[in-house]
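What follows is one structure encoded as structure tokens, with my remarks underneath.
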Amino acid sequence: MKRSISIKLCTTEEQTAALALVQKEFNRACNLIVPLAVKNRCWNHPDLHRIAYSTIRASTSLGSQMVCNSIKAVCNSLKVLKIKASQEVPLITFKPYSSVPFDKRTYSIKDIVLSLYTISGRITVPMIRAPFNDQYLHKGIPKEATLVYKNKSWFFNLVLDLPTPPVPKTSGKVMGIDAGENVLAAMSSGKLFDGKLLRHKCDCALALRSRLQSNGSKSAKQRLKKISGKEARHIKHVNHTISKALIQEALDAGCDTIALEDLKNIRKQIKAGKRMRLRLHRWPWAQLQAFIVYKAQAAGLKVVFVNPAYTSKLCATCGNRGIRNKHRFECKACGILRHSDLNASLNIRRIAASADTATGTVNYPHMGVA
């Protein structure tokens with residue numbers, strides 16, 4: 001399994017200047033490659049390499065491997081757009097301070113020292129390592145990495161290939177989890193994670209940004225820059241906390257499988273007013289599910305995704321259609337009365353218990369642990 005960690009670098013003024021030059025030249029090379037990719041309508045790595053390598057090698061001061069990395073970076077950026085045959089290829093732009101990818105040919109790690117490629121030659125930079133990161137560095141095999149400049153500091157985001165943990169004995173127990181906006185996560189064990197406080201903080205952050213953006217003064221712009229990313233960091237912290245608690249609850253209950261809803265493309269199906277669309281598009285369910293997936297993998301638990309259709313409408317006890325009124329679910333057939341999100345999580349657990357109907361583990365991209 002793969003994990004990513006963020007390592008802060010302790011650089012001198014000369015090293016900072018050398019890394020800044022690599023960053024600037026790398027992104028300039030990417031901007032030179034983009035028109036070639038657009039003109040030839042090509043974002044296949046080997047094909048674009050044949051088209052662009054000689055030109056970029058002669059036009060920039062980058063070494064051969066960094067030119068290869070820049071071509072790959074352009075290919076990856078265009079592939080993410082999923083451009084159809086009938087669509088025009090957009091002329092994307094790489095900003096001067098965009099991150100720079102490194103591979104095993106352009107960096108190496110020995111003890112607490114990082115050796116990095118620069119245009120003027122290799123430099124060795126001490127790493128500010130935390131005990132949390134050390135546990136992964138000692139166990140994992142370094143793979144690809146990115147160099148990032150943030151808040152006047154350099155960070156090395158490193159991907160590590162870790163050994164897969166042993167799978168515990170199969171118990172056959174499944175923990176169903178229903179994700180929502182008002183209740184961020186409801187577990188079939190009965191535990192609920194309320195989302196009112198998070199939603200309130202997000203609403204306050206949105207209102208503050210709107211006021212500052214409409215103001216337009218210099219101090220307002222400075223304030224916007226200061227609070228930039230604060231909401232996203234808070235949401236990430238909440239999702240980390242919830243996902244950790246979910247995994248621990250599943251382990252304590254003796255479960256070996258976690259069942260989640262397959263919510264892909266759910267936002268495309270939303271037909272609502274502007275206010276509701278804004279709320280639903282800010283709902284961070286994908287990040288929460290991704291955190292659950294990688295934490296479950298580290299704990300040796302299996303994760304399956306099930307079709308969420310009718311999980312909120314059918315009674316988990318008798319299977320008949322019930323009446324849902326906000327957080328209240330009532331079944332007239334069997335007389336059961338319970339929390340609507342808890343009922344949905346019980347339905348998810350029931351569906352996942354059948355191997356024929358479970359969709360299996362979704363391949364989420366590896367997530368950072370820092």
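Residue numbers start at 1 in each chain; chains themselves are named A, B, ... in the order of the structure tokens; ligands are numbered from 1 in the order shown.
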
Would you return as a PDB file with N, CA and C atoms, in the first residue's frame the members of stretch 74-245 of chain A that DSSP assigns to alpha helix (DSSP H) on this structure's backbone?
ATOM      1  N   VAL A  74       2.774  17.374 -18.071  1.00  0.00           N
ATOM      2  CA  VAL A  74       1.797  17.913 -19.026  1.00  0.00           C
ATOM      3  C   VAL A  74       0.794  16.837 -19.423  1.00  0.00           C
ATOM      4  N   CYS A  75       1.281  15.633 -19.677  1.00  0.00           N
ATOM      5  CA  CYS A  75       0.390  14.519 -20.039  1.00  0.00           C
ATOM      6  C   CYS A  75      -0.622  14.248 -18.930  1.00  0.00           C
ATOM      7  N   ASN A  76      -0.152  14.216 -17.698  1.00  0.00           N
ATOM      8  CA  ASN A  76      -1.046  13.954 -16.567  1.00  0.00           C
ATOM      9  C   ASN A  76      -2.090  15.048 -16.410  1.00  0.00           C
ATOM     10  N   SER A  77      -1.679  16.307 -16.608  1.00  0.00           N
ATOM     11  CA  SER A  77      -2.613  17.425 -16.466  1.00  0.00           C
ATOM     12  C   SER A  77      -3.699  17.390 -17.533  1.00  0.00           C
ATOM     13  N   LEU A  78      -3.350  16.980 -18.745  1.00  0.00           N
ATOM     14  CA  LEU A  78      -4.336  16.900 -19.824  1.00  0.00           C
ATOM     15  C   LEU A  78      -5.223  15.667 -19.685  1.00  0.00           C
ATOM     16  N   LYS A  79      -4.661  14.569 -19.198  1.00  0.00           N
ATOM     17  CA  LYS A  79      -5.463  13.351 -19.021  1.00  0.00           C
ATOM     18  C   LYS A  79      -6.566  13.548 -17.990  1.00  0.00           C
ATOM     19  N   VAL A  80      -6.267  14.326 -16.960  1.00  0.00           N
ATOM     20  CA  VAL A  80      -7.252  14.572 -15.903  1.00  0.00           C
ATOM     21  C   VAL A  80      -8.498  15.265 -16.455  1.00  0.00           C
ATOM     22  N   PRO A 131       8.566  12.514  14.354  1.00  0.00           N
ATOM     23  CA  PRO A 131       8.408  11.095  14.707  1.00  0.00           C
ATOM     24  C   PRO A 131       7.288  10.415  13.928  1.00  0.00           C
ATOM     25  N   PHE A 132       6.239  11.182  13.613  1.00  0.00           N
ATOM     26  CA  PHE A 132       5.120  10.608  12.862  1.00  0.00           C
ATOM     27  C   PHE A 132       5.566  10.158  11.474  1.00  0.00           C
ATOM     28  N   ASN A 133       6.427  10.980  10.834  1.00  0.00           N
ATOM     29  CA  ASN A 133       6.925  10.628   9.504  1.00  0.00           C
ATOM     30  C   ASN A 133       7.970   9.520   9.554  1.00  0.00           C
ATOM     31  N   ASP A 134       8.739   9.478  10.645  1.00  0.00           N
ATOM     32  CA  ASP A 134       9.822   8.494  10.747  1.00  0.00           C
ATOM     33  C   ASP A 134       9.316   7.059  10.699  1.00  0.00           C
ATOM     34  N   GLN A 135       8.137   6.822  11.290  1.00  0.00           N
ATOM     35  CA  GLN A 135       7.621   5.458  11.303  1.00  0.00           C
ATOM     36  C   GLN A 135       7.352   4.950   9.890  1.00  0.00           C
ATOM     37  N   TYR A 136       7.025   5.857   8.969  1.00  0.00           N
ATOM     38  CA  TYR A 136       6.802   5.464   7.578  1.00  0.00           C
ATOM     39  C   TYR A 136       8.114   5.384   6.802  1.00  0.00           C
ATOM     40  N   LEU A 137       9.039   6.309   7.088  1.00  0.00           N
ATOM     41  CA  LEU A 137      10.327   6.304   6.385  1.00  0.00           C
ATOM     42  C   LEU A 137      11.130   5.043   6.682  1.00  0.00           C
ATOM     43  N   HIS A 138      11.031   4.547   7.899  1.00  0.00           N
ATOM     44  CA  HIS A 138      11.785   3.356   8.287  1.00  0.00           C
ATOM     45  C   HIS A 138      11.215   2.090   7.649  1.00  0.00           C
ATOM     46  N   LYS A 139       9.889   2.073   7.444  1.00  0.00           N
ATOM     47  CA  LYS A 139       9.239   0.864   6.934  1.00  0.00           C
ATOM     48  C   LYS A 139       9.049   0.868   5.421  1.00  0.00           C
ATOM     49  N   LYS A 196     -23.573  19.500  12.235  1.00  0.00           N
ATOM     50  CA  LYS A 196     -24.104  20.862  12.366  1.00  0.00           C
ATOM     51  C   LYS A 196     -22.994  21.883  12.591  1.00  0.00           C
ATOM     52  N   LEU A 197     -22.058  21.556  13.474  1.00  0.00           N
ATOM     53  CA  LEU A 197     -20.988  22.503  13.786  1.00  0.00           C
ATOM     54  C   LEU A 197     -20.102  22.757  12.572  1.00  0.00           C
ATOM     55  N   LEU A 198     -19.781  21.707  11.822  1.00  0.00           N
ATOM     56  CA  LEU A 198     -18.957  21.871  10.625  1.00  0.00           C
ATOM     57  C   LEU A 198     -19.685  22.707   9.585  1.00  0.00           C
ATOM     58  N   ARG A 199     -20.972  22.440   9.390  1.00  0.00           N
ATOM     59  CA  ARG A 199     -21.742  23.206   8.412  1.00  0.00           C
ATOM     60  C   ARG A 199     -21.829  24.674   8.811  1.00  0.00           C
ATOM     61  N   HIS A 200     -21.989  24.931  10.113  1.00  0.00           N
ATOM     62  CA  HIS A 200     -22.053  26.314  10.604  1.00  0.00           C
ATOM     63  C   HIS A 200     -20.736  27.044  10.342  1.00  0.00           C
ATOM     64  N   LYS A 201     -19.612  26.375  10.600  1.00  0.00           N
ATOM     65  CA  LYS A 201     -18.302  27.001  10.373  1.00  0.00           C
ATOM     66  C   LYS A 201     -18.063  27.262   8.890  1.00  0.00           C
ATOM     67  N   CYS A 202     -18.513  26.332   8.046  1.00  0.00           N
ATOM     68  CA  CYS A 202     -18.366  26.527   6.595  1.00  0.00           C
ATOM     69  C   CYS A 202     -19.229  27.682   6.112  1.00  0.00           C
ATOM     70  N   ASP A 203     -20.437  27.815   6.663  1.00  0.00           N
ATOM     71  CA  ASP A 203     -21.319  28.929   6.296  1.00  0.00           C
ATOM     72  C   ASP A 203     -20.709  30.262   6.728  1.00  0.00           C
ATOM     73  N   CYS A 204     -20.110  30.287   7.922  1.00  0.00           N
ATOM     74  CA  CYS A 204     -19.465  31.515   8.409  1.00  0.00           C
ATOM     75  C   CYS A 204     -18.270  31.887   7.531  1.00  0.00           C
ATOM     76  N   ALA A 205     -17.498  30.878   7.123  1.00  0.00           N
ATOM     77  CA  ALA A 205     -16.337  31.129   6.262  1.00  0.00           C
ATOM     78  C   ALA A 205     -16.775  31.659   4.904  1.00  0.00           C
ATOM     79  N   LEU A 206     -17.864  31.107   4.366  1.00  0.00           N
ATOM     80  CA  LEU A 206     -18.386  31.569   3.075  1.00  0.00           C
ATOM     81  C   LEU A 206     -18.872  33.010   3.170  1.00  0.00           C
ATOM     82  N   ALA A 207     -19.579  33.340   4.263  1.00  0.00           N
ATOM     83  CA  ALA A 207     -20.079  34.703   4.446  1.00  0.00           C
ATOM     84  C   ALA A 207     -18.927  35.695   4.584  1.00  0.00           C
ATOM     85  N   LEU A 208     -17.885  35.302   5.313  1.00  0.00           N
ATOM     86  CA  LEU A 208     -16.721  36.181   5.488  1.00  0.00           C
ATOM     87  C   LEU A 208     -16.015  36.415   4.157  1.00  0.00           C
ATOM     88  N   ARG A 209     -15.834  35.359   3.376  1.00  0.00           N
ATOM     89  CA  ARG A 209     -15.182  35.517   2.064  1.00  0.00           C
ATOM     90  C   ARG A 209     -16.002  36.422   1.148  1.00  0.00           C
ATOM     91  N   SER A 210     -17.312  36.264   1.182  1.00  0.00           N
ATOM     92  CA  SER A 210     -18.186  37.085   0.328  1.00  0.00           C
ATOM     93  C   SER A 210     -18.070  38.561   0.692  1.00  0.00           C
ATOM     94  N   ARG A 211     -18.053  38.857   1.997  1.00  0.00           N
ATOM     95  CA  ARG A 211     -17.937  40.258   2.438  1.00  0.00           C
ATOM     96  C   ARG A 211     -16.591  40.854   2.027  1.00  0.00           C
ATOM     97  N   LEU A 212     -15.527  40.097   2.214  1.00  0.00           N
ATOM     98  CA  LEU A 212     -14.195  40.605   1.875  1.00  0.00           C
ATOM     99  C   LEU A 212     -14.022  40.778   0.371  1.00  0.00           C
ATOM    100  N   GLN A 213     -14.561  39.850  -0.409  1.00  0.00           N
ATOM    101  CA  GLN A 213     -14.444  39.940  -1.870  1.00  0.00           C
ATOM    102  C   GLN A 213     -15.224  41.126  -2.416  1.00  0.00           C
ATOM    103  N   SER A 214     -16.389  41.405  -1.831  1.00  0.00           N
ATOM    104  CA  SER A 214     -17.189  42.542  -2.290  1.00  0.00           C
ATOM    105  C   SER A 214     -16.580  43.866  -1.840  1.00  0.00           C
ATOM    106  N   ASN A 215     -15.797  43.837  -0.758  1.00  0.00           N
ATOM    107  CA  ASN A 215     -15.149  45.055  -0.265  1.00  0.00           C
ATOM    108  C   ASN A 215     -14.067  45.511  -1.233  1.00  0.00           C
ATOM    109  N   LYS A 218      -7.466  46.991   0.032  1.00  0.00           N
ATOM    110  CA  LYS A 218      -6.172  46.337   0.203  1.00  0.00           C
ATOM    111  C   LYS A 218      -6.163  45.458   1.452  1.00  0.00           C
ATOM    112  N   SER A 219      -6.723  45.991   2.546  1.00  0.00           N
ATOM    113  CA  SER A 219      -6.764  45.214   3.793  1.00  0.00           C
ATOM    114  C   SER A 219      -7.658  43.985   3.649  1.00  0.00           C
ATOM    115  N   ALA A 220      -8.736  44.109   2.855  1.00  0.00           N
ATOM    116  CA  ALA A 220      -9.625  42.965   2.629  1.00  0.00           C
ATOM    117  C   ALA A 220      -8.899  41.863   1.861  1.00  0.00           C
ATOM    118  N   LYS A 221      -8.099  42.272   0.877  1.00  0.00           N
ATOM    119  CA  LYS A 221      -7.327  41.290   0.104  1.00  0.00           C
ATOM    120  C   LYS A 221      -6.269  40.610   0.979  1.00  0.00           C
ATOM    121  N   GLN A 222      -5.660  41.391   1.872  1.00  0.00           N
ATOM    122  CA  GLN A 222      -4.683  40.811   2.794  1.00  0.00           C
ATOM    123  C   GLN A 222      -5.350  39.804   3.728  1.00  0.00           C
ATOM    124  N   ARG A 223      -6.559  40.146   4.177  1.00  0.00           N
ATOM    125  CA  ARG A 223      -7.307  39.241   5.051  1.00  0.00           C
ATOM    126  C   ARG A 223      -7.703  37.968   4.304  1.00  0.00           C
ATOM    127  N   LEU A 224      -8.099  38.101   3.046  1.00  0.00           N
ATOM    128  CA  LEU A 224      -8.450  36.931   2.232  1.00  0.00           C
ATOM    129  C   LEU A 224      -7.253  35.999   2.072  1.00  0.00           C
ATOM    130  N   LYS A 225      -6.090  36.601   1.858  1.00  0.00           N
ATOM    131  CA  LYS A 225      -4.874  35.798   1.706  1.00  0.00           C
ATOM    132  C   LYS A 225      -4.541  35.067   3.006  1.00  0.00           C
ATOM    133  N   LYS A 226      -4.785  35.745   4.136  1.00  0.00           N
ATOM    134  CA  LYS A 226      -4.465  35.156   5.434  1.00  0.00           C
ATOM    135  C   LYS A 226      -5.359  33.960   5.751  1.00  0.00           C
ATOM    136  N   ILE A 227      -6.646  34.045   5.402  1.00  0.00           N
ATOM    137  CA  ILE A 227      -7.585  32.961   5.729  1.00  0.00           C
ATOM    138  C   ILE A 227      -7.655  31.910   4.625  1.00  0.00           C
ATOM    139  N   LYS A 230      -7.963  27.972   5.155  1.00  0.00           N
ATOM    140  CA  LYS A 230      -8.308  27.668   6.553  1.00  0.00           C
ATOM    141  C   LYS A 230      -9.506  26.725   6.635  1.00  0.00           C
ATOM    142  N   GLU A 231     -10.529  26.993   5.825  1.00  0.00           N
ATOM    143  CA  GLU A 231     -11.723  26.143   5.834  1.00  0.00           C
ATOM    144  C   GLU A 231     -11.388  24.724   5.379  1.00  0.00           C
ATOM    145  N   ALA A 232     -10.594  24.608   4.311  1.00  0.00           N
ATOM    146  CA  ALA A 232     -10.226  23.284   3.791  1.00  0.00           C
ATOM    147  C   ALA A 232      -9.420  22.496   4.818  1.00  0.00           C
ATOM    148  N   ARG A 233      -8.531  23.181   5.536  1.00  0.00           N
ATOM    149  CA  ARG A 233      -7.732  22.500   6.564  1.00  0.00           C
ATOM    150  C   ARG A 233      -8.605  22.015   7.714  1.00  0.00           C
ATOM    151  N   HIS A 234      -9.598  22.828   8.077  1.00  0.00           N
ATOM    152  CA  HIS A 234     -10.499  22.419   9.165  1.00  0.00           C
ATOM    153  C   HIS A 234     -11.336  21.210   8.749  1.00  0.00           C
ATOM    154  N   ILE A 235     -11.849  21.230   7.522  1.00  0.00           N
ATOM    155  CA  ILE A 235     -12.639  20.097   7.021  1.00  0.00           C
ATOM    156  C   ILE A 235     -11.789  18.832   6.991  1.00  0.00           C
ATOM    157  N   LYS A 236     -10.545  18.976   6.543  1.00  0.00           N
ATOM    158  CA  LYS A 236      -9.646  17.822   6.484  1.00  0.00           C
ATOM    159  C   LYS A 236      -9.392  17.259   7.877  1.00  0.00           C
ATOM    160  N   HIS A 237      -9.215  18.149   8.851  1.00  0.00           N
ATOM    161  CA  HIS A 237      -8.994  17.704  10.232  1.00  0.00           C
ATOM    162  C   HIS A 237     -10.215  16.948  10.763  1.00  0.00           C
ATOM    163  N   VAL A 238     -11.409  17.483  10.507  1.00  0.00           N
ATOM    164  CA  VAL A 238     -12.642  16.827  10.964  1.00  0.00           C
ATOM    165  C   VAL A 238     -12.787  15.451  10.316  1.00  0.00           C
ATOM    166  N   ASN A 239     -12.528  15.370   9.020  1.00  0.00           N
ATOM    167  CA  ASN A 239     -12.645  14.083   8.320  1.00  0.00           C
ATOM    168  C   ASN A 239     -11.617  13.068   8.820  1.00  0.00           C
ATOM    169  N   HIS A 240     -10.408  13.538   9.125  1.00  0.00           N
ATOM    170  CA  HIS A 240      -9.399  12.637   9.696  1.00  0.00           C
ATOM    171  C   HIS A 240      -9.870  12.098  11.054  1.00  0.00           C
ATOM    172  N   THR A 241     -10.418  12.987  11.879  1.00  0.00           N
ATOM    173  CA  THR A 241     -10.874  12.592  13.213  1.00  0.00           C
ATOM    174  C   THR A 241     -12.015  11.584  13.131  1.00  0.00           C
ATOM    175  N   ILE A 242     -12.983  11.869  12.250  1.00  0.00           N
ATOM    176  CA  ILE A 242     -14.146  10.977  12.116  1.00  0.00           C
ATOM    177  C   ILE A 242     -13.729   9.624  11.556  1.00  0.00           C
ATOM    178  N   SER A 243     -12.913   9.629  10.494  1.00  0.00           N
ATOM    179  CA  SER A 243     -12.515   8.361   9.875  1.00  0.00           C
ATOM    180  C   SER A 243     -11.723   7.492  10.850  1.00  0.00           C
ATOM    181  N   LYS A 244     -10.882   8.121  11.665  1.00  0.00           N
ATOM    182  CA  LYS A 244     -10.121   7.368  12.666  1.00  0.00           C
ATOM    183  C   LYS A 244     -11.058   6.730  13.686  1.00  0.00           C
ATOM    184  N   ALA A 245     -12.074   7.495  14.126  1.00  0.00           N
ATOM    185  CA  ALA A 245     -13.037   6.968  15.096  1.00  0.00           C
ATOM    186  C   ALA A 245     -13.881   5.852  14.490  1.00  0.00           C
TER     187      ALA A 245
END

Atom CA of A:Gly180 to atom CA of A:Asp256, straight-line distance in Å: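 The value is 23.2 Å.
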
One residue among A:Val100, A:Leu162, A:Cys68, A:Leu36 is nearest to A:Ala20 when using only C-alpha atoms, and that residue is A:Val100

Give me the residues near A:Pro308 as an MDAnalysis selection string, where near means some atom within 12 Å (using only C-alpha atoms) and where sequence neighbours in that chain fewer than 6 positions away do not count. chainID A and resid 176:180 259:264 266 314 344:352 357:359

Using only C-alpha atoms, pick whichever of A:Thr12, A:Ser61, A:Ser86, A:Ser4 has the shortest atom-to-atom distance to A:Ile123.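 Ranked by minimum distance to A:Ile123, first place goes to A:Thr12.
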
Tell me, as a PyMOL selection string, which residues lie within 7 Å of A:Cys255, counting only C-alpha atoms; anything in the same chain fewer than 2 positions away does not count. chain A and resi 171+173-175+250-251+253+257

Could you list, as a list in words, every residue within 12 Å of stretch 81-83 of chain A, counting only C-alpha atoms and ignoring same-chain residues fewer than 6 positions away? Val38, Arg41, Cys42, Trp43, Val74, Cys75, Val89, Pro90, Leu91 and Ile92 of chain A

Using DSSP secondary structure from the backbone, list all strand (DSSP E) positions within stretch 118-226 of chain A, as a PyMOL selection string. chain A and resi 123-128+141-150+153-161+174-179+183-187+192-194

Spatial neighbours of A:Glu181, max dist 12 Å, only C-alpha atoms, sep filter under 6 positions, as a ChimeraX atom specification: /A:193-200,202,276,279-285,288,326-327,341

Please produce a file of the residues just selected, as a CSV table (one decimal), in the first residue's frame, where the atoms kept are C-alpha atoms.
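Dumped to selection_5.csv:
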chain,number,residue,atom,x,y,z
A,193,PHE,CA,-21.3,12.0,14.0
A,194,ASP,CA,-23.2,15.3,13.9
A,195,GLY,CA,-22.3,17.7,11.1
A,196,LYS,CA,-24.1,20.9,12.4
A,197,LEU,CA,-21.0,22.5,13.8
A,198,LEU,CA,-19.0,21.9,10.6
A,199,ARG,CA,-21.7,23.2,8.4
A,200,HIS,CA,-22.1,26.3,10.6
A,202,CYS,CA,-18.4,26.5,6.6
A,276,MET,CA,-28.9,23.9,-2.0
A,279,ARG,CA,-24.3,23.3,0.2
A,280,LEU,CA,-24.2,20.0,-1.6
A,281,HIS,CA,-21.1,20.8,-3.6
A,282,ARG,CA,-19.3,21.8,-0.4
A,283,TRP,CA,-20.2,18.5,1.2
A,284,PRO,CA,-16.8,16.7,1.6
A,285,TRP,CA,-18.1,13.1,1.4
A,288,LEU,CA,-14.1,11.3,4.1
A,326,LYS,CA,-35.9,14.7,8.4
A,327,HIS,CA,-34.1,12.6,11.0
A,341,ASP,CA,-29.5,7.8,8.9

Nearest residue to A:Arg324 from the set A:Ser340, A:Asn151, A:Thr311, A:Ser59 (distances using only C-alpha atoms):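 With only C-alpha atoms as the atom set, the closest residue is A:Ser340.
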
Could you give me, as a VMD selection string, the residues within 8 Å of A:Ile292, counting only C-alpha atoms and dropping anything in the same chain fewer than 2 positions from it? chain A and resid 243 to 244 246 to 247 288 to 290 294 to 296

Calculated over only C-alpha atoms, which of the candidates A:Ile109, A:Glu13, A:Ala316, A:Val67 has the smallest distance to A:Arg50?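 Of the candidates, the smallest distance to A:Arg50 is held by A:Val67.
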